[in-house]
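Containing mmCIF, C-alpha atoms: work34.cif.
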```cif
data_start
#
loop_
_atom_site.label_atom_id
_atom_site.label_comp_id
_atom_site.auth_asym_id
_atom_site.auth_seq_id
_atom_site.Cartn_x
_atom_site.Cartn_y
_atom_site.Cartn_z
CA MET M 67 -0.46 28.31 -13.43
CA SER M 68 1.76 31.13 -14.68
CA THR M 69 2.31 32.35 -11.12
CA ILE M 70 4.05 29.13 -10.07
CA GLU M 71 7.37 27.85 -11.35
CA THR M 72 7.17 24.10 -11.98
CA ALA M 73 9.68 21.42 -12.78
CA ALA M 74 10.28 20.58 -16.41
CA VAL M 75 8.26 17.58 -17.48
CA ASP M 76 9.81 14.76 -19.49
CA ARG M 77 6.87 13.94 -21.73
CA THR M 78 8.54 10.75 -22.94
CA ALA M 79 8.30 9.39 -19.38
CA LEU M 80 4.55 9.90 -19.19
CA LEU M 81 2.11 7.10 -19.89
CA PRO M 82 -0.29 7.61 -22.81
CA ALA M 83 -3.45 9.56 -21.99
CA SER M 84 -5.46 6.89 -23.80
CA LEU M 85 -5.10 4.67 -20.71
CA ARG M 86 -7.71 6.85 -19.03
CA ASP M 87 -10.34 5.48 -21.41
CA ASP M 88 -10.04 2.14 -19.62
CA PHE M 89 -11.37 3.69 -16.38
CA PRO M 90 -15.08 4.56 -16.64
CA ILE M 91 -15.21 6.38 -13.31
CA LEU M 92 -12.75 9.04 -14.48
CA SER M 93 -15.45 10.53 -16.72
CA GLU M 94 -17.61 11.32 -13.68
CA GLN M 95 -18.17 14.83 -12.34
CA VAL M 96 -18.04 15.68 -8.65
CA GLY M 97 -18.39 18.69 -6.35
CA ASP M 98 -19.60 21.73 -8.24
CA ARG M 99 -19.91 19.72 -11.47
CA GLN M 100 -16.15 19.48 -11.89
CA PRO M 101 -14.41 16.65 -13.79
CA LEU M 102 -13.12 14.13 -11.29
CA VAL M 103 -9.42 14.26 -10.41
CA PHE M 104 -8.77 11.16 -8.33
CA PHE M 105 -5.75 11.67 -6.07
CA ASP M 106 -6.69 9.23 -3.30
CA ASN M 107 -4.91 6.25 -4.84
CA ALA M 108 -2.86 5.42 -1.73
CA ALA M 109 -6.16 4.59 -0.02
CA SER M 110 -7.65 2.65 -2.95
CA THR M 111 -7.29 2.80 -6.72
CA GLN M 112 -9.90 2.73 -9.44
CA ARG M 113 -10.52 -0.29 -11.67
CA PRO M 114 -10.14 -0.55 -15.45
CA ARG M 115 -12.82 -2.10 -17.62
CA GLN M 116 -10.67 -5.20 -17.99
CA VAL M 117 -10.91 -5.91 -14.24
CA ILE M 118 -14.59 -4.96 -14.06
CA ASP M 119 -15.34 -7.29 -16.97
CA ALA M 120 -13.39 -10.13 -15.37
CA ILE M 121 -15.39 -9.77 -12.15
CA SER M 122 -18.77 -9.53 -13.84
CA GLY M 123 -17.84 -12.39 -16.18
CA VAL M 124 -17.35 -14.76 -13.24
CA TYR M 125 -20.70 -13.86 -11.72
CA GLU M 126 -22.45 -14.11 -15.08
CA ARG M 127 -20.95 -17.35 -16.38
CA THR M 128 -18.77 -19.42 -14.06
CA TYR M 129 -19.36 -18.64 -10.37
CA ALA M 130 -19.52 -21.44 -7.79
CA ASN M 131 -17.64 -22.30 -4.63
CA VAL M 132 -14.15 -23.65 -5.20
CA HIS M 133 -12.45 -26.93 -4.28
CA ARG M 134 -15.75 -28.45 -3.12
CA GLY M 135 -17.64 -29.71 -6.09
CA ILE M 136 -17.12 -31.93 -9.10
CA HIS M 137 -19.72 -30.10 -11.17
CA THR M 138 -18.74 -27.88 -14.08
CA LEU M 139 -19.09 -24.46 -12.45
CA SER M 140 -17.10 -25.44 -9.39
CA GLU M 141 -14.33 -26.80 -11.59
CA LEU M 142 -14.29 -23.62 -13.68
CA SER M 143 -14.23 -21.34 -10.63
CA THR M 144 -11.49 -23.42 -9.02
CA GLU M 145 -9.39 -23.24 -12.18
CA GLN M 146 -9.76 -19.45 -12.39
CA TYR M 147 -9.09 -18.98 -8.68
CA GLU M 148 -5.91 -21.05 -8.72
CA ARG M 149 -4.78 -19.42 -11.97
CA ALA M 150 -4.95 -16.11 -10.11
CA ARG M 151 -2.63 -17.56 -7.47
CA THR M 152 -0.15 -18.46 -10.19
CA LYS M 153 -0.30 -14.89 -11.52
CA VAL M 154 0.49 -13.54 -8.04
CA GLN M 155 3.36 -16.01 -7.71
CA GLN M 156 4.86 -14.80 -10.98
CA PHE M 157 4.15 -11.14 -10.19
CA ILE M 158 6.30 -11.21 -7.04
CA GLY M 159 8.78 -13.86 -8.17
CA ALA M 160 7.90 -16.51 -5.59
CA ALA M 161 9.56 -19.88 -6.04
CA ARG M 162 6.49 -21.96 -5.24
CA PHE M 163 2.79 -21.78 -5.99
CA HIS M 164 1.83 -22.74 -2.43
CA GLU M 165 3.84 -19.88 -0.88
CA ILE M 166 0.96 -17.58 -1.93
CA VAL M 167 -1.86 -17.32 0.61
CA PHE M 168 -5.01 -15.35 -0.23
CA THR M 169 -6.35 -13.22 2.63
CA GLN M 170 -8.80 -10.33 3.01
CA GLY M 171 -6.05 -7.74 2.64
CA THR M 172 -2.71 -6.50 3.96
CA THR M 173 -4.11 -6.15 7.48
CA ALA M 174 -5.29 -9.77 7.53
CA SER M 175 -1.96 -10.95 6.13
CA ILE M 176 0.06 -9.20 8.85
CA ASN M 177 -2.32 -10.40 11.55
CA THR M 178 -1.90 -13.96 10.29
CA VAL M 179 1.86 -13.74 10.80
CA ALA M 180 1.47 -12.06 14.20
CA ARG M 181 -1.04 -14.64 15.42
CA SER M 182 0.55 -17.73 13.90
CA TRP M 183 4.31 -17.16 13.75
CA GLY M 184 4.32 -14.55 16.54
CA ASP M 185 2.35 -16.53 19.11
CA ALA M 186 4.35 -19.68 18.39
CA ARG M 187 7.83 -18.14 18.29
CA LEU M 188 7.99 -14.99 20.42
CA ARG M 189 9.04 -15.28 24.05
CA PRO M 190 9.36 -12.76 26.91
CA GLY M 191 12.23 -10.39 26.18
CA ASP M 192 12.32 -11.12 22.44
CA GLU M 193 12.18 -7.98 20.33
CA VAL M 194 10.23 -6.98 17.22
CA LEU M 195 11.80 -4.05 15.39
CA LEU M 196 9.38 -1.67 13.66
CA SER M 197 9.63 1.90 12.41
CA VAL M 198 7.80 5.03 13.52
CA MET M 199 6.31 5.43 10.03
CA GLU M 200 4.34 2.18 10.11
CA HIS M 201 0.66 2.03 9.21
CA HIS M 202 -1.52 1.03 12.15
CA SER M 203 -1.93 -2.37 10.47
CA ASN M 204 1.77 -3.03 11.04
CA LEU M 205 1.76 -1.57 14.56
CA VAL M 206 -1.34 -2.80 16.35
CA PRO M 207 -0.95 -6.54 15.52
CA TRP M 208 2.55 -6.45 17.03
CA GLN M 209 1.36 -4.49 20.06
CA GLN M 210 -1.22 -7.23 20.58
CA ALA M 211 1.38 -9.94 20.01
CA ALA M 212 3.70 -8.30 22.53
CA ALA M 213 0.91 -8.22 25.11
CA ARG M 214 0.25 -11.93 24.56
CA THR M 215 3.85 -13.13 24.49
CA GLY M 216 5.88 -10.69 26.58
CA ALA M 217 7.92 -9.58 23.57
CA VAL M 218 9.22 -6.01 23.39
CA LEU M 219 8.70 -3.56 20.52
CA GLN M 220 11.46 -1.26 19.30
CA HIS M 221 10.95 1.56 16.79
CA VAL M 222 13.42 2.97 14.27
CA PRO M 223 13.26 6.82 14.21
CA LEU M 224 13.42 9.09 11.17
CA THR M 225 15.98 11.50 9.81
CA GLY M 226 15.05 15.14 9.43
CA ASP M 227 13.87 14.64 5.84
CA GLY M 228 11.54 11.73 6.64
CA ARG M 229 13.76 8.75 5.85
CA LEU M 230 14.61 5.83 8.09
CA ASP M 231 17.56 6.52 10.39
CA MET M 232 19.71 3.54 9.43
CA ASP M 233 22.34 4.36 12.06
CA ALA M 234 19.61 3.97 14.67
CA PHE M 235 18.45 0.79 12.92
CA ASP M 236 21.94 -0.66 13.33
CA ARG M 237 21.92 0.18 17.05
CA LEU M 238 18.44 -1.26 17.64
CA LEU M 239 19.06 -4.48 15.72
CA THR M 240 20.50 -6.94 18.26
CA GLU M 241 20.60 -10.65 19.03
CA ARG M 242 17.26 -10.14 20.83
CA THR M 243 15.59 -9.06 17.57
CA LYS M 244 13.46 -11.91 16.23
CA LEU M 245 11.57 -10.03 13.55
CA VAL M 246 11.89 -6.78 11.61
CA ALA M 247 8.47 -5.65 10.35
CA VAL M 248 8.73 -2.62 8.10
CA VAL M 249 6.79 -0.82 5.41
CA ALA M 250 8.42 -0.73 1.96
CA VAL M 251 6.87 2.66 1.15
CA SER M 252 5.32 5.05 3.66
CA ASN M 253 1.67 5.79 2.96
CA THR M 254 2.06 9.25 4.52
CA LEU M 255 5.56 10.42 3.56
CA GLY M 256 5.97 8.48 0.33
CA THR M 257 9.43 7.43 1.53
CA ILE M 258 10.91 4.43 -0.28
CA ASN M 259 12.72 2.46 2.40
CA PRO M 260 16.02 0.58 1.78
CA ILE M 261 14.44 -2.87 1.98
CA VAL M 262 17.40 -4.71 0.45
CA GLU M 263 19.75 -3.30 3.09
CA ILE M 264 17.26 -3.93 5.90
CA ILE M 265 16.75 -7.58 4.95
CA ALA M 266 20.48 -8.26 4.62
CA LYS M 267 21.26 -6.71 8.01
CA ALA M 268 18.35 -8.42 9.74
CA HIS M 269 19.32 -11.85 8.41
CA ALA M 270 22.93 -11.29 9.45
CA ALA M 271 21.62 -10.68 12.98
CA GLY M 272 19.49 -13.82 12.87
CA ALA M 273 16.13 -12.04 12.52
CA LEU M 274 13.30 -12.64 10.06
CA VAL M 275 11.77 -9.82 7.99
CA LEU M 276 8.15 -9.01 7.19
CA VAL M 277 7.60 -6.32 4.54
CA ASP M 278 4.35 -4.38 4.31
CA ALA M 279 4.20 -3.91 0.53
CA ALA M 280 0.72 -2.34 0.35
CA GLN M 281 2.17 0.91 -1.04
CA SER M 282 4.96 -0.64 -3.11
CA ALA M 283 3.39 -3.61 -4.91
CA PRO M 284 1.20 -1.31 -7.09
CA HIS M 285 4.14 0.88 -8.09
CA LEU M 286 7.52 -0.87 -7.94
CA PRO M 287 8.72 -4.29 -9.15
CA ILE M 288 9.08 -6.97 -6.46
CA ASP M 289 11.16 -10.15 -6.54
CA VAL M 290 10.82 -11.95 -3.23
CA GLN M 291 13.58 -14.42 -4.07
CA ALA M 292 16.06 -11.71 -4.98
CA LEU M 293 15.11 -9.80 -1.83
CA ASP M 294 15.26 -12.98 0.26
CA VAL M 295 12.31 -11.60 2.24
CA ASP M 296 10.64 -13.97 4.71
CA PHE M 297 7.09 -12.56 4.65
CA LEU M 298 5.46 -10.02 2.34
CA ALA M 299 1.92 -8.61 2.45
CA PHE M 300 -0.14 -6.49 0.05
CA SER M 301 -3.73 -5.74 -1.03
CA GLY M 302 -5.61 -6.05 -4.31
CA HIS M 303 -7.63 -2.85 -4.04
CA LYS M 304 -4.53 -0.63 -4.07
CA MET M 305 -3.37 -2.05 -7.41
CA LEU M 306 -6.47 -1.82 -9.66
CA GLY M 307 -8.03 -4.96 -8.19
CA PRO M 308 -11.17 -5.41 -6.10
CA SER M 309 -11.43 -4.98 -2.35
CA GLY M 310 -11.66 -8.04 -0.13
CA VAL M 311 -8.52 -9.80 -1.31
CA GLY M 312 -4.93 -9.59 -0.15
CA VAL M 313 -1.80 -11.67 -0.36
CA LEU M 314 0.51 -13.14 2.22
CA TYR M 315 3.74 -14.48 0.82
CA GLY M 316 5.87 -16.61 3.12
CA LYS M 317 8.84 -18.86 2.58
CA GLU M 318 7.71 -22.46 2.40
CA THR M 319 9.72 -23.59 5.43
CA LEU M 320 8.24 -20.84 7.59
CA LEU M 321 4.65 -21.42 6.50
CA GLU M 322 5.00 -25.17 6.97
CA ALA M 323 6.19 -24.67 10.57
CA MET M 324 3.46 -22.17 11.48
CA PRO M 325 0.21 -23.38 13.06
CA PRO M 326 -2.98 -22.38 11.23
CA PHE M 327 -4.49 -19.14 12.50
CA LEU M 328 -8.19 -19.57 11.60
CA GLY M 329 -10.06 -22.84 12.00
CA GLY M 330 -12.93 -24.22 9.96
CA GLY M 331 -13.66 -25.46 6.49
CA SER M 332 -10.99 -25.75 3.80
CA MET M 333 -8.03 -25.59 6.18
CA ILE M 334 -8.35 -29.18 7.35
CA ASN M 335 -7.17 -32.55 6.12
CA GLU M 336 -9.14 -34.60 8.65
CA VAL M 337 -11.45 -33.69 11.54
CA ARG M 338 -12.52 -35.89 14.43
CA LEU M 339 -14.53 -34.90 17.47
CA ASP M 340 -11.43 -34.29 19.56
CA ARG M 341 -8.76 -33.22 17.05
CA PHE M 342 -7.94 -32.25 13.49
CA THR M 343 -5.01 -32.32 11.10
CA PRO M 344 -4.44 -29.24 8.95
CA ALA M 345 -4.45 -29.23 5.18
CA ALA M 346 -1.34 -28.68 3.10
CA LEU M 347 -0.26 -25.20 2.02
CA PRO M 348 -1.79 -22.86 1.05
CA ALA M 349 -5.20 -24.20 2.16
CA LYS M 350 -3.88 -24.43 5.73
CA PHE M 351 -4.26 -20.64 6.03
CA GLU M 352 -7.41 -20.21 3.91
CA ALA M 353 -10.21 -21.23 6.25
CA GLY M 354 -13.78 -20.85 5.03
CA THR M 355 -14.95 -19.76 1.61
CA PRO M 356 -12.03 -17.83 0.11
CA PRO M 357 -12.25 -14.50 -1.77
CA ILE M 358 -13.01 -16.28 -5.03
CA VAL M 359 -14.11 -13.45 -7.32
CA PRO M 360 -11.82 -10.81 -5.75
CA ALA M 361 -8.84 -13.11 -6.32
CA ILE M 362 -9.81 -13.61 -9.95
CA GLY M 363 -10.19 -9.84 -10.27
CA LEU M 364 -6.73 -9.39 -8.77
CA GLY M 365 -5.38 -11.72 -11.41
CA ALA M 366 -6.91 -9.51 -14.11
CA ALA M 367 -5.39 -6.42 -12.44
CA ILE M 368 -1.95 -8.05 -12.50
CA ASP M 369 -2.39 -8.77 -16.22
CA TYR M 370 -3.19 -5.09 -16.79
CA LEU M 371 -0.22 -3.82 -14.75
CA GLU M 372 2.22 -6.20 -16.40
CA ASP M 373 1.05 -5.14 -19.87
CA ILE M 374 2.10 -1.57 -18.97
CA GLY M 375 5.12 -2.42 -16.83
CA LEU M 376 5.76 -1.31 -13.26
CA GLY M 377 8.91 0.47 -14.36
CA ALA M 378 6.91 2.66 -16.72
CA ILE M 379 4.32 3.30 -14.02
CA HIS M 380 6.99 4.40 -11.54
CA ARG M 381 8.60 6.77 -14.07
CA HIS M 382 5.21 8.32 -14.79
CA GLU M 383 4.43 8.79 -11.09
CA LEU M 384 7.87 10.30 -10.48
CA GLN M 385 7.19 12.97 -13.11
CA LEU M 386 3.87 13.82 -11.46
CA THR M 387 5.49 13.89 -8.02
CA ARG M 388 8.33 16.17 -9.13
CA HIS M 389 5.85 18.52 -10.75
CA ALA M 390 3.65 18.65 -7.65
CA TYR M 391 6.58 18.94 -5.25
CA ALA M 392 8.17 21.81 -7.16
CA ALA M 393 4.92 23.78 -7.32
CA LEU M 394 3.65 23.14 -3.80
CA SER M 395 7.04 23.93 -2.23
CA GLN M 396 6.67 27.54 -3.42
CA ILE M 397 3.47 28.19 -1.48
CA GLU M 398 4.36 30.14 1.63
CA GLY M 399 3.31 28.47 4.85
CA LEU M 400 2.78 25.06 3.27
CA ARG M 401 4.81 22.29 4.89
CA LEU M 402 5.60 19.35 2.64
CA LEU M 403 6.13 16.10 4.54
CA GLY M 404 8.76 13.55 3.64
CA PRO M 405 11.87 13.43 1.46
CA ALA M 406 12.70 14.86 -1.95
CA PRO M 407 10.98 13.27 -4.97
CA GLU M 408 13.91 10.98 -5.81
CA HIS M 409 13.44 9.22 -2.46
CA ARG M 410 9.67 8.78 -2.62
CA THR M 411 6.96 7.19 -4.67
CA GLY M 412 3.92 8.93 -6.18
CA LEU M 413 2.40 10.95 -3.36
CA VAL M 414 2.75 14.29 -1.61
CA SER M 415 1.41 15.09 1.85
CA PHE M 416 1.33 18.57 3.31
CA ALA M 417 0.15 20.59 6.29
CA PHE M 418 -0.62 24.26 6.85
CA GLU M 419 -0.38 25.82 10.28
CA ARG M 420 -3.64 27.79 10.24
CA ILE M 421 -5.73 25.61 7.93
CA HIS M 422 -6.98 22.15 8.87
CA ALA M 423 -6.45 19.31 6.41
CA HIS M 424 -10.20 18.84 6.14
CA GLU M 425 -10.59 22.39 4.83
CA PHE M 426 -8.20 21.63 2.00
CA ALA M 427 -9.98 18.38 1.17
CA GLN M 428 -13.44 19.95 1.21
CA VAL M 429 -12.60 22.89 -1.02
CA LEU M 430 -10.48 20.83 -3.39
CA ASN M 431 -13.38 18.42 -3.88
CA ASP M 432 -16.27 20.88 -4.02
CA GLN M 433 -14.71 23.63 -6.14
CA PHE M 434 -11.98 21.85 -8.11
CA GLY M 435 -13.17 18.23 -8.32
CA VAL M 436 -9.93 16.99 -6.75
CA ALA M 437 -10.28 13.99 -4.43
CA VAL M 438 -7.54 13.87 -1.78
CA ARG M 439 -7.26 12.28 1.65
CA ALA M 440 -7.30 14.33 4.85
CA GLY M 441 -6.53 13.01 8.31
CA HIS M 442 -3.81 10.95 9.96
CA HIS M 443 -3.83 8.24 7.25
CA CYS M 444 -3.67 5.48 9.89
CA THR M 445 -0.28 6.79 11.04
CA GLN M 446 -1.18 8.61 14.24
CA PRO M 447 2.20 8.03 15.96
CA LEU M 448 4.02 9.44 12.91
CA HIS M 449 1.81 12.54 12.85
CA ALA M 450 2.40 13.04 16.58
CA LEU M 451 6.16 12.93 15.98
CA LEU M 452 5.76 15.47 13.18
CA GLY M 453 3.86 17.74 15.58
CA ILE M 454 0.62 17.76 13.59
CA ALA M 455 -2.79 16.16 14.07
CA ALA M 456 -3.56 15.68 10.38
CA SER M 457 -2.26 16.24 6.89
CA THR M 458 -3.61 16.41 3.34
CA ARG M 459 -2.39 13.71 0.96
CA ALA M 460 -2.50 13.65 -2.82
CA SER M 461 -1.46 10.26 -4.21
CA PHE M 462 -0.98 9.55 -7.90
CA TYR M 463 -1.32 6.54 -10.17
CA LEU M 464 -0.92 5.52 -13.77
CA TYR M 465 -4.09 7.29 -15.02
CA ASN M 466 -3.30 10.71 -13.53
CA THR M 467 -1.92 13.60 -15.60
CA ILE M 468 0.25 16.70 -15.30
CA GLU M 469 -2.82 18.84 -15.98
CA GLU M 470 -4.55 17.28 -12.98
CA VAL M 471 -1.55 18.12 -10.80
CA ASP M 472 -1.84 21.71 -12.00
CA ARG M 473 -5.46 21.74 -10.88
CA LEU M 474 -4.41 20.43 -7.45
CA VAL M 475 -1.89 23.25 -7.07
CA GLU M 476 -4.44 25.82 -8.25
CA GLY M 477 -6.86 24.51 -5.64
CA VAL M 478 -4.31 24.58 -2.83
CA LEU M 479 -3.44 28.18 -3.69
CA ALA M 480 -7.13 29.07 -3.64
CA VAL M 481 -7.56 27.53 -0.17
CA THR M 482 -4.59 29.39 1.29
CA ARG M 483 -5.97 32.67 -0.08
CA MET M 484 -9.46 31.88 1.13
CA PHE M 485 -8.26 31.38 4.70
CA ALA M 486 -5.61 34.10 4.70
CA PRO M 487 -5.91 36.80 7.40
CA LYS M 488 -8.32 39.49 6.32
CA GLY M 489 -6.76 42.23 4.24
CA ARG M 490 -3.61 40.29 3.56
CA GLN M 491 -2.67 38.49 0.35
CA ARG M 492 -0.59 35.39 0.92
CA LYS M 493 2.84 35.71 -0.66
CA ARG M 494 4.36 33.07 -2.88
CA ARG M 495 7.99 32.13 -2.60
CA LYS M 496 10.30 32.81 -5.48
CA PRO M 497 11.79 29.63 -6.92
CA ASP M 498 15.26 30.35 -5.49
CA GLU M 499 14.05 31.02 -1.93
#
```
Here is a file; write its structure as structure tokens.
Amino acid sequence: MSTIETAAVDRTALLPASLRDDFPILSEQVGDRQPLVFFDNAASTQRPRQVIDAISGVYERTYANVHRGIHTLSELSTEQYERARTKVQQFIGAARFHEIVFTQGTTASINTVARSWGDARLRPGDEVLLSVMEHHSNLVPWQQAAARTGAVLQHVPLTGDGRLDMDAFDRLLTERTKLVAVVAVSNTLGTINPIVEIIAKAHAAGALVLVDAAQSAPHLPIDVQALDVDFLAFSGHKMLGPSGVGVLYGKETLLEAMPPFLGGGSMINEVRLDRFTPAALPAKFEAGTPPIVPAIGLGAAIDYLEDIGLGAIHRHELQLTRHAYAALSQIEGLRLLGPAPEHRTGLVSFAFERIHAHEFAQVLNDQFGVAVRAGHHCTQPLHALLGIAASTRASFYLYNTIEEVDRLVEGVLAVTRMFAPKGRQRKRRKPDE
């Protein structure tokens, strides 16, 4: 790495390397027998032994369906499942236990709001204000809701450095706006959005706010009461927990007024042949057998994250991001997407005019053991606005190291040389260029 100038690293801000011992998969080798460097954390994180043990422990000793039996195993499973709900409540600072609804993931949580609140409340001409950086999971449900209700979608554009254009937000936020649905952190740009300001302005205009926290809950502290957010959604698998479980937080008054979205077992109080009455919160929105073991696993993941501290995790990721940003920005022809490190969380996405993102991902994996994501990252409209079809994304988490970032940069340099025009060595920028 002597050919690349990198940012100075504050070693006191880095998490201890011993944390890696908690993650068995990090000892695997991939590609051409290279040690695994896992930089696809924005898609899904790995799990520590503590979470794996919690999951296997349920299946080995206490598993049964919840809320439905008076036998020992059902009572034990129910206790563990509801204890996980309490952990989520405390993790995000919710006022009430029953404001936490378990779903299949962020996508299911947002769809629940779109189908339940949206179908009941939106009318022709009402507006839902989104941003152009939204994940498809916070675009498509509102497109569908607009088609059903006659509501209109508005989209906040970006500034030149990949941040929300708040002047445009102010212009688009009107008395017709019924809901602002916005991502807290962009999964493509890494941009940390000004959620506090957005919520305050939306409420002043009489609009509710839904925050997609899939990319922020694993990395930044959340206090839903301090934020005064109306709805918040996130997934377990992006924060060291298992797949198949997500969370929908909603203010009690809103959830109480919303009709249940899915019908069936668990969400009822009484059923007759011609009608039913729904159960109380949160069961009202948890039809069918819930994600019992995934929820318990999520509770164990929250325990692990809180033992470390989200503040410490964010500081660690910021050091990795600064290091990667400084090195990658010196590679001629490489276009880094999104704002400077101080305005983003732990990921860097980039594009190269003559090299497809898949080429980077393939070589990085096969020759350097570095797992990154290549494609549009479920943000096709954003990529279209950026004038590219795909990008390569490296996303960091608490178990990643500076040395792994160095290997990423080494691999990116190798790819640019590999695909350089014949007979020409690709130049590297000097640090002051």
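Considering the residues M:Leu239, M:Glu408, M:Thr254, M:Ala180 and counting only C-alpha atoms, His269 in chain M has its shortest atom-to-atom contact with M:Leu239.
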Skip range 460-463 of chain M itself and residues of its chain fewer than 4 positions away, then list as a ChimeraX atom specification all residues within 6 Å of it, counting all atoms listed in the file. /M:105-108,412-414,438
Find the residues near range 208-215 of chain M: any atom within 8 Å, counting only C-alpha atoms, skip ones fewer than 2 places away on the same chain, and give them as a ChimeraX atom specification. /M:180-181,184-185,188-190,194,204-206,217-219
Find the spatial neighbours of Leu255 in chain M, counting all atoms listed in the file, within a cut-off of 8 Å - ignore same-chain residues fewer than 6 positions away - and output them as a list in words.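 These residues fall inside the cut-off: Gly228, Leu403, Gly404, Pro405, Arg410, Leu413, Val414 and Ser415 of chain M.
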Selection in question (the file shown): the PyMOL selection byres ((chain M and resi 226) around 12). Which residues does it include, as number ranges by chain? M: 223-225, 227-231, 403-406, 451-452
So which one's closest to Gly365 in chain M, M:Ser84, M:Thr152, M:Gln112, M:Thr445? Using only C-alpha atoms, please. M:Thr152
Give me, please, the distance in Å between CA of Ala393 in chain M and CA of Thr482 in chain M, quoted to one decimal.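 Between these atoms lies a distance of 14.0 Å.
The interatomic distance for the pair CA of Thr355 in chain M and CA of Ile368 in chain M works out to 22.5 Å.
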